[in-house]
Structures are given as C-alpha cells and as structure tokens.
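Chemist: Contents of query-v1.pdb (PDB, C-alpha atoms, pLDDT in the B column) are given next:
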```pdb
ATOM      1  CA  MET N   1     113.528  97.791  29.447  1.00 48.00           C
ATOM      2  CA  LYS N   2     112.596 101.319  30.524  1.00 46.00           C
ATOM      3  CA  ASN N   3     108.994 100.172  31.025  1.00 49.00           C
ATOM      4  CA  ALA N   4     110.091  97.186  33.096  1.00 47.00           C
ATOM      5  CA  MET N   5     112.221  99.410  35.309  1.00 47.00           C
ATOM      6  CA  LEU N   6     109.345 101.861  35.759  1.00 45.00           C
ATOM      7  CA  SER N   7     106.994  99.016  36.703  1.00 50.00           C
ATOM      8  CA  VAL N   8     109.421  97.737  39.331  1.00 44.00           C
ATOM      9  CA  LEU N   9     109.840 101.233  40.815  1.00 46.00           C
ATOM     10  CA  CYS N  10     106.046 101.770  40.909  1.00 46.00           C
ATOM     11  CA  ALA N  11     105.518  98.410  42.573  1.00 46.00           C
ATOM     12  CA  ALA N  12     108.214  99.202  45.147  1.00 46.00           C
ATOM     13  CA  ALA N  13     106.677 102.612  45.870  1.00 46.00           C
ATOM     14  CA  LEU N  14     103.217 101.093  46.236  1.00 46.00           C
ATOM     15  CA  MET N  15     104.545  98.439  48.616  1.00 48.00           C
ATOM     16  CA  ALA N  16     106.339 101.090  50.681  1.00 47.00           C
ATOM     17  CA  CYS N  17     103.140 103.184  50.912  1.00 47.00           C
ATOM     18  CA  ASN N  18     101.099 100.138  51.777  1.00 48.00           C
ATOM     19  CA  LYS N  19     103.599  99.119  54.446  1.00 45.00           C
ATOM     20  CA  ASN N  20     103.517 102.651  55.888  1.00 47.00           C
ATOM     21  CA  GLU N  21      99.703 102.630  55.955  1.00 45.00           C
ATOM     22  CA  ASN N  22      99.671  99.264  57.755  1.00 46.00           C
ATOM     23  CA  THR N  23     102.175 100.520  60.287  1.00 45.00           C
ATOM     24  CA  GLN N  24     100.124 103.633  60.987  1.00 46.00           C
ATOM     25  CA  THR N  25      96.922 101.660  61.223  1.00 44.00           C
ATOM     26  CA  THR N  26      98.486  99.191  63.590  1.00 43.00           C
ATOM     27  CA  SER N  27      99.963 101.836  65.846  1.00 42.00           C
ATOM     28  CA  THR N  28      96.707 103.824  65.795  1.00 42.00           C
ATOM     29  CA  THR N  29      94.738 100.712  66.639  1.00 40.00           C
ATOM     30  CA  ASP N  30      97.147  99.883  69.449  1.00 43.00           C
ATOM     31  CA  SER N  31      96.860 103.337  70.949  1.00 38.00           C
ATOM     32  CA  ILE N  32      93.069 103.324  70.642  1.00 37.00           C
ATOM     33  CA  MET N  33      92.866  99.935  72.336  1.00 36.00           C
ATOM     34  CA  THR N  34      95.269 100.891  75.120  1.00 37.00           C
ATOM     35  CA  MET N  35      94.042 104.368  75.999  1.00 38.00           C
ATOM     36  CA  PRO N  36      90.391 103.699  76.749  1.00 37.00           C
ATOM     37  CA  ALA N  37      91.273 100.627  78.776  1.00 38.00           C
ATOM     38  CA  ASP N  38      93.734 102.611  80.894  1.00 40.00           C
ATOM     39  CA  SER N  39      91.505 105.654  81.289  1.00 36.00           C
ATOM     40  CA  THR N  40      88.512 103.498  82.186  1.00 34.00           C
ATOM     41  CA  MET N  41      90.597 101.758  84.827  1.00 33.00           C
ATOM     42  CA  MET N  42      91.669 105.108  86.219  1.00 33.00           C
ATOM     43  CA  MET N  43      88.065 106.322  86.384  1.00 32.00           C
ATOM     44  CA  THR N  44      86.979 103.106  88.042  1.00 31.00           C
ATOM     45  CA  ASP N  45      89.812 103.334  90.573  1.00 33.00           C
ATOM     46  CA  SER N  46      89.053 106.925  91.514  1.00 30.00           C
ATOM     47  CA  THR N  47      85.352 106.163  91.683  1.00 29.00           C
ATOM     48  CA  MET N  48      85.978 103.213  93.991  1.00 32.00           C
ATOM     49  CA  THR N  49      88.180 105.172  96.374  1.00 35.00           C
ATOM     50  CA  GLY N  50      85.924 108.216  96.537  1.00 38.00           C
ATOM     51  CA  THR N  51      82.396 106.880  96.225  1.00 36.00           C
ATOM     52  CA  THR N  52      81.608 105.858  99.800  1.00 52.00           C
ATOM     53  CA  ASN N  53      83.318 108.822 101.429  1.00 64.00           C
ATOM     54  CA  GLU N  54      81.657 111.277  99.040  1.00 66.00           C
ATOM     55  CA  THR N  55      78.206 109.850  99.719  1.00 83.00           C
ATOM     56  CA  LEU N  56      78.505 110.171 103.512  1.00 92.00           C
ATOM     57  CA  THR N  57      76.021 112.677 104.894  1.00 93.00           C
ATOM     58  CA  GLU N  58      76.828 115.159 107.646  1.00 94.00           C
ATOM     59  CA  GLN N  59      74.703 112.946 109.915  1.00 95.00           C
ATOM     60  CA  ASP N  60      76.924 109.936 109.043  1.00 96.00           C
ATOM     61  CA  LYS N  61      80.140 111.836 109.749  1.00 96.00           C
ATOM     62  CA  MET N  62      78.903 113.334 113.005  1.00 96.00           C
ATOM     63  CA  PHE N  63      77.624 109.950 114.194  1.00 97.00           C
ATOM     64  CA  ALA N  64      80.855 108.140 113.249  1.00 97.00           C
ATOM     65  CA  ASN N  65      82.971 110.740 115.077  1.00 97.00           C
ATOM     66  CA  GLU N  66      80.789 110.656 118.207  1.00 97.00           C
ATOM     67  CA  ALA N  67      80.647 106.850 118.222  1.00 97.00           C
ATOM     68  CA  ALA N  68      84.434 106.620 117.870  1.00 97.00           C
ATOM     69  CA  THR N  69      85.255 109.039 120.703  1.00 97.00           C
ATOM     70  CA  GLY N  70      82.432 107.708 122.896  1.00 97.00           C
ATOM     71  CA  GLY N  71      83.617 104.142 122.388  1.00 97.00           C
ATOM     72  CA  MET N  72      87.174 105.112 123.305  1.00 98.00           C
ATOM     73  CA  MET N  73      85.948 106.810 126.463  1.00 97.00           C
ATOM     74  CA  GLU N  74      83.908 103.746 127.502  1.00 97.00           C
ATOM     75  CA  VAL N  75      86.942 101.470 127.127  1.00 98.00           C
ATOM     76  CA  MET N  76      89.275 103.828 128.999  1.00 98.00           C
ATOM     77  CA  LEU N  77      86.835 104.258 131.885  1.00 98.00           C
ATOM     78  CA  GLY N  78      86.129 100.530 131.969  1.00 98.00           C
ATOM     79  CA  VAL N  79      89.849  99.848 132.416  1.00 98.00           C
ATOM     80  CA  LEU N  80      89.921 102.521 135.121  1.00 97.00           C
ATOM     81  CA  ALA N  81      87.071 100.766 136.972  1.00 97.00           C
ATOM     82  CA  GLU N  82      89.315  97.718 137.398  1.00 93.00           C
ATOM     83  CA  THR N  83      91.771  99.738 139.504  1.00 94.00           C
ATOM     84  CA  ASN N  84      89.757 102.586 141.035  1.00 97.00           C
ATOM     85  CA  SER N  85      86.677 100.708 142.215  1.00 96.00           C
ATOM     86  CA  THR N  86      86.418  98.697 145.411  1.00 92.00           C
ATOM     87  CA  GLN N  87      83.139  96.995 144.405  1.00 95.00           C
ATOM     88  CA  GLN N  88      83.254  93.751 142.398  1.00 96.00           C
ATOM     89  CA  GLU N  89      79.935  94.687 140.786  1.00 96.00           C
ATOM     90  CA  VAL N  90      81.423  97.905 139.420  1.00 97.00           C
ATOM     91  CA  LYS N  91      84.600  96.138 138.281  1.00 97.00           C
ATOM     92  CA  SER N  92      82.477  93.571 136.398  1.00 97.00           C
ATOM     93  CA  LEU N  93      80.464  96.367 134.821  1.00 97.00           C
ATOM     94  CA  GLY N  94      83.711  98.015 133.720  1.00 97.00           C
ATOM     95  CA  LYS N  95      84.934  94.755 132.192  1.00 97.00           C
ATOM     96  CA  MET N  96      81.703  94.369 130.226  1.00 98.00           C
ATOM     97  CA  MET N  97      82.153  97.921 128.891  1.00 98.00           C
ATOM     98  CA  VAL N  98      85.735  97.182 127.829  1.00 98.00           C
ATOM     99  CA  ASP N  99      84.800  93.927 126.076  1.00 98.00           C
ATOM    100  CA  ASP N 100      81.668  95.146 124.282  1.00 98.00           C
ATOM    101  CA  HIS N 101      82.931  98.598 123.330  1.00 97.00           C
ATOM    102  CA  THR N 102      86.276  97.246 122.095  1.00 98.00           C
ATOM    103  CA  LYS N 103      84.359  94.947 119.763  1.00 97.00           C
ATOM    104  CA  ALA N 104      82.082  97.793 118.587  1.00 97.00           C
ATOM    105  CA  ASN N 105      85.098 100.109 118.141  1.00 97.00           C
ATOM    106  CA  ASP N 106      86.806  97.495 115.958  1.00 97.00           C
ATOM    107  CA  GLU N 107      83.691  97.160 113.794  1.00 97.00           C
ATOM    108  CA  LEU N 108      83.486 100.930 113.406  1.00 97.00           C
ATOM    109  CA  LYS N 109      87.182 101.096 112.433  1.00 97.00           C
ATOM    110  CA  SER N 110      86.622  98.342 109.874  1.00 96.00           C
ATOM    111  CA  TRP N 111      83.730 100.331 108.374  1.00 96.00           C
ATOM    112  CA  ALA N 112      85.868 103.504 108.299  1.00 96.00           C
ATOM    113  CA  THR N 113      88.687 101.708 106.474  1.00 95.00           C
ATOM    114  CA  SER N 114      86.343 100.393 103.785  1.00 93.00           C
ATOM    115  CA  ALA N 115      84.631 103.788 103.488  1.00 93.00           C
ATOM    116  CA  GLY N 116      87.917 105.698 103.301  1.00 94.00           C
ATOM    117  CA  TYR N 117      86.885 107.809 106.290  1.00 95.00           C
ATOM    118  CA  ASP N 118      89.283 108.994 109.012  1.00 95.00           C
ATOM    119  CA  LEU N 119      87.875 108.565 112.500  1.00 97.00           C
ATOM    120  CA  PRO N 120      89.182 110.691 115.391  1.00 96.00           C
ATOM    121  CA  ASN N 121      91.742 108.819 117.483  1.00 93.00           C
ATOM    122  CA  THR N 122      91.829 111.072 120.545  1.00 95.00           C
ATOM    123  CA  LEU N 123      89.207 112.190 123.033  1.00 95.00           C
ATOM    124  CA  LYS N 124      87.644 115.625 122.761  1.00 95.00           C
ATOM    125  CA  ALA N 125      88.900 118.104 125.396  1.00 96.00           C
ATOM    126  CA  ASP N 126      85.794 117.863 127.615  1.00 96.00           C
ATOM    127  CA  MET N 127      85.898 114.058 127.535  1.00 96.00           C
ATOM    128  CA  GLN N 128      89.600 114.028 128.401  1.00 97.00           C
ATOM    129  CA  GLN N 129      88.883 116.338 131.346  1.00 97.00           C
ATOM    130  CA  LYS N 130      86.083 114.027 132.536  1.00 96.00           C
ATOM    131  CA  TYR N 131      88.456 111.056 132.309  1.00 97.00           C
ATOM    132  CA  ASN N 132      91.161 112.936 134.232  1.00 97.00           C
ATOM    133  CA  ASP N 133      88.669 113.843 136.980  1.00 96.00           C
ATOM    134  CA  MET N 134      87.509 110.238 137.329  1.00 96.00           C
ATOM    135  CA  GLN N 135      91.078 108.967 137.279  1.00 97.00           C
ATOM    136  CA  ALA N 136      91.726 111.046 140.420  1.00 97.00           C
ATOM    137  CA  THR N 137      88.684 109.526 142.182  1.00 96.00           C
ATOM    138  CA  LYS N 138      88.837 106.254 144.132  1.00 95.00           C
ATOM    139  CA  GLY N 139      86.581 103.843 146.001  1.00 95.00           C
ATOM    140  CA  ALA N 140      82.932 104.711 146.676  1.00 95.00           C
ATOM    141  CA  ASP N 141      83.291 108.176 145.120  1.00 96.00           C
ATOM    142  CA  PHE N 142      84.586 106.622 141.909  1.00 97.00           C
ATOM    143  CA  ASP N 143      81.823 103.999 141.882  1.00 97.00           C
ATOM    144  CA  LYS N 144      79.094 106.613 142.121  1.00 96.00           C
ATOM    145  CA  ALA N 145      80.659 108.949 139.537  1.00 97.00           C
ATOM    146  CA  TYR N 146      81.358 106.094 137.125  1.00 97.00           C
ATOM    147  CA  VAL N 147      77.916 104.497 137.304  1.00 97.00           C
ATOM    148  CA  ASP N 148      76.188 107.898 137.065  1.00 97.00           C
ATOM    149  CA  PHE N 149      78.250 108.597 133.946  1.00 97.00           C
ATOM    150  CA  LEU N 150      77.340 105.220 132.395  1.00 97.00           C
ATOM    151  CA  VAL N 151      73.606 105.732 132.912  1.00 98.00           C
ATOM    152  CA  THR N 152      73.580 109.287 131.530  1.00 97.00           C
ATOM    153  CA  ASP N 153      75.939 108.469 128.656  1.00 96.00           C
ATOM    154  CA  HIS N 154      74.120 105.324 127.546  1.00 97.00           C
ATOM    155  CA  LYS N 155      70.773 107.121 127.423  1.00 98.00           C
ATOM    156  CA  LYS N 156      72.331 109.652 125.013  1.00 97.00           C
ATOM    157  CA  ASP N 157      74.098 106.904 123.057  1.00 97.00           C
ATOM    158  CA  ILE N 158      70.912 104.889 122.559  1.00 98.00           C
ATOM    159  CA  ALA N 159      69.123 107.958 121.168  1.00 98.00           C
ATOM    160  CA  ALA N 160      72.045 108.754 118.814  1.00 97.00           C
ATOM    161  CA  PHE N 161      72.370 105.164 117.576  1.00 98.00           C
ATOM    162  CA  LYS N 162      68.609 104.864 116.980  1.00 98.00           C
ATOM    163  CA  LYS N 163      68.651 108.135 115.041  1.00 97.00           C
ATOM    164  CA  GLN N 164      71.510 106.852 112.849  1.00 97.00           C
ATOM    165  CA  ALA N 165      69.756 103.520 112.316  1.00 97.00           C
ATOM    166  CA  ASP N 166      66.622 105.365 111.122  1.00 96.00           C
ATOM    167  CA  ALA N 167      67.960 108.445 109.361  1.00 94.00           C
ATOM    168  CA  GLY N 168      71.592 107.741 108.416  1.00 94.00           C
ATOM    169  CA  GLY N 169      72.709 107.855 104.797  1.00 94.00           C
ATOM    170  CA  ASP N 170      75.319 105.077 104.674  1.00 95.00           C
ATOM    171  CA  GLY N 171      73.748 101.612 104.700  1.00 94.00           C
ATOM    172  CA  ASN N 172      76.645  99.888 106.469  1.00 95.00           C
ATOM    173  CA  LEU N 173      76.798 102.559 109.151  1.00 96.00           C
ATOM    174  CA  LYS N 174      73.022 102.322 109.661  1.00 96.00           C
ATOM    175  CA  SER N 175      73.367  98.557 110.057  1.00 96.00           C
ATOM    176  CA  PHE N 176      76.189  98.992 112.592  1.00 97.00           C
ATOM    177  CA  ALA N 177      74.063 101.448 114.603  1.00 97.00           C
ATOM    178  CA  SER N 178      71.010  99.217 114.481  1.00 97.00           C
ATOM    179  CA  LYS N 179      72.778  96.096 115.728  1.00 97.00           C
ATOM    180  CA  THR N 180      74.609  98.051 118.471  1.00 98.00           C
ATOM    181  CA  VAL N 181      71.419  99.476 120.036  1.00 98.00           C
ATOM    182  CA  PRO N 182      70.500  96.257 121.943  1.00 98.00           C
ATOM    183  CA  ILE N 183      74.033  96.107 123.392  1.00 97.00           C
ATOM    184  CA  LEU N 184      73.755  99.714 124.600  1.00 98.00           C
ATOM    185  CA  GLU N 185      70.332  98.958 126.098  1.00 98.00           C
ATOM    186  CA  LYS N 186      71.862  95.989 127.940  1.00 98.00           C
ATOM    187  CA  HIS N 187      74.589  98.325 129.267  1.00 98.00           C
ATOM    188  CA  LEU N 188      72.023 100.871 130.431  1.00 98.00           C
ATOM    189  CA  LYS N 189      70.024  98.251 132.320  1.00 98.00           C
ATOM    190  CA  ALA N 190      73.150  96.781 133.943  1.00 97.00           C
ATOM    191  CA  SER N 191      74.328 100.286 134.947  1.00 97.00           C
ATOM    192  CA  GLN N 192      70.932 101.159 136.432  1.00 97.00           C
ATOM    193  CA  ASP N 193      70.913  97.900 138.405  1.00 97.00           C
ATOM    194  CA  VAL N 194      74.362  98.643 139.834  1.00 96.00           C
ATOM    195  CA  MET N 195      73.322 102.220 140.589  1.00 95.00           C
ATOM    196  CA  ASN N 196      70.326 100.970 142.606  1.00 95.00           C
ATOM    197  CA  ASN N 197      72.546  98.560 144.530  1.00 92.00           C
ATOM    198  CA  LEU N 198      75.024 101.315 145.429  1.00 89.00           C
ATOM    199  CA  LYS N 199      72.323 103.445 147.130  1.00 68.00           C
TER
END
```
What would the structure in this file look like if it were written as structure tokens?

Modeler:
Amino acid sequence: MKNAMLSVLCAAALMACNKNENTQTTSTTDSIMTMPADSTMMMTDSTMTGTTNETLTEQDKMFANEAATGGMMEVMLGVLAETNSTQQEVKSLGKMMVDDHTKANDELKSWATSAGYDLPNTLKADMQQKYNDMQATKGADFDKAYVDFLVTDHKKDIAAFKKQADAGGDGNLKSFASKTVPILEKHLKASQDVMNNLK
C-alpha cells in the first residue's frame, strides 16, 4: 500500500514537472517567434522611411530646393503676366509658364513625398523682392522685364537641370531633371522669340 501511494505521488510529480516544462517551452517558443518578427518589421519600417532621404546627396538636395523655389516663381510671374502685360504674346507666354511649371512642380512634390524630403514652400528673399518689383511694373515695362527674366532664368535652369540629370545621386530625381530639360529649352526659345518681337 505504501509502495502504491509512493508510485502515485511520483507519477503526479513527474506529470507536474513535465507540464511545467511544456508550458515553459511553449511560452519560450512563442516569445522567440514573436520577437524577431516584430523587430524585423520595425527595422524594415525604419529602413523604408529613411533610406531614400538618407541617400540624397548635397547635389540632390540643392537641386530639389532650387527647382521648387524656381518653379514657384515661374508660376507666380506667369499669373502676373496675365494682368500686368498689355501684349497677348506675353500673356500667352505667361500661361505656358503657369501650365508647364505647375505640372513640373507637382511631379517634384510627388517625388519629395515618396523620398520623405521637405521642399521649401516659400520664395527666397531675393526672389520675393524680384516678384514684388515686377508686380509694381505694368505694360511695356513689365513685358520687357518679364521676358528678360525668363530668358536669363531659363538659361540657368537648363544648366542646373542638365547637371542634375548627369551627376545627381537619386535616380528618380535625375529622371525628373532629364525629362524636364526639353520643356525648359522650349520655354527659352519661346521667350527669346517674344523678346525679339518686343524690340
């Protein structure tokens, strides 16, 4: 009887130990399975949000900032041409600038969103001053100042966009620059034609 009792107690103790081992194994397995999955996801998430922005070169950032403020300026001045010019040719030129640069600005903003990069949303002080000066000019004086600005500005823009297309670090930004160059060249030619007609 004593032996039978002892056997039952031993069996119960063994079962309790075994149950405890299974519980520990299960919970350990659960935590091992959960932790790496979560930590991997976290690493992937942080990598995805930071990768593009971290790989942008100084050239990329400078180009993106200049393209954003330059594009804003072109649209603002194009709208101004509608009211301040007396020449239909200049008004049409302004409308082309508004249409084409609005489209390019939207593409640049789309790139910035996907890259996690904050573009400037206001003009630099010297550009704002230039806009203010042109806003105060009307008629033939405005036409000359506006068209002169377009010719000078587009020559600089074409050089900057070509440089980005050749030497930029971000592939999408290089592609944007490359496909925008022909549009800027079209703008330069149209501006030069209008300039010749105003003389």

Chemist: Find, counting all atoms listed in the file, the residue in N:Asn172, N:Thr55, N:Ser191, N:Thr152 that gets nearest to Ser92 in chain N.

Modeler: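 Of N:Asn172, N:Thr55, N:Ser191, N:Thr152, the one nearest Ser92 in chain N, counting all atoms listed in the file, is N:Ser191.
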
Chemist: For Thr122 in chain N, which residue among N:Gln59, N:Thr69, N:Ser178, N:Ser110 is the nearest when counting only C-alpha atoms?

Modeler: N:Thr69

Chemist: As an exercise, work out the distance from CA of Lys138 in chain N to CA of Lys155 in chain N in Å and give it to one decimal place.

Modeler: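 Atom-to-atom, CA of Lys138 in chain N and CA of Lys155 in chain N are spaced 24.6 Å apart.
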
Chemist: Run the PyMOL selection byres ((chain N and resi 73-83) around 10) mentally over the shown coordinates, then write out the matched residues as a ChimeraX atom specification, using the chain letters and numbers from the document.

Modeler: /N:67-72,84-88,90-102,105,122-124,127-128,130-132,134-135,138-139,142-143,146-147,149-150,153-154

Chemist: Assuming the chain letters and numbering stay as they are in my file, what does the PyMOL selection byres ((chain N and resi 161) around 8) actually select? List them as a VMD selection string.

Modeler: chain N and resid 63 157 to 160 162 to 165 177 to 178 180 to 181

Chemist: Please indicate the distance in Å from CA of Ala167 in chain N to CA of Glu58 in chain N, rounded to one decimal place.

Modeler: 11.3 Å
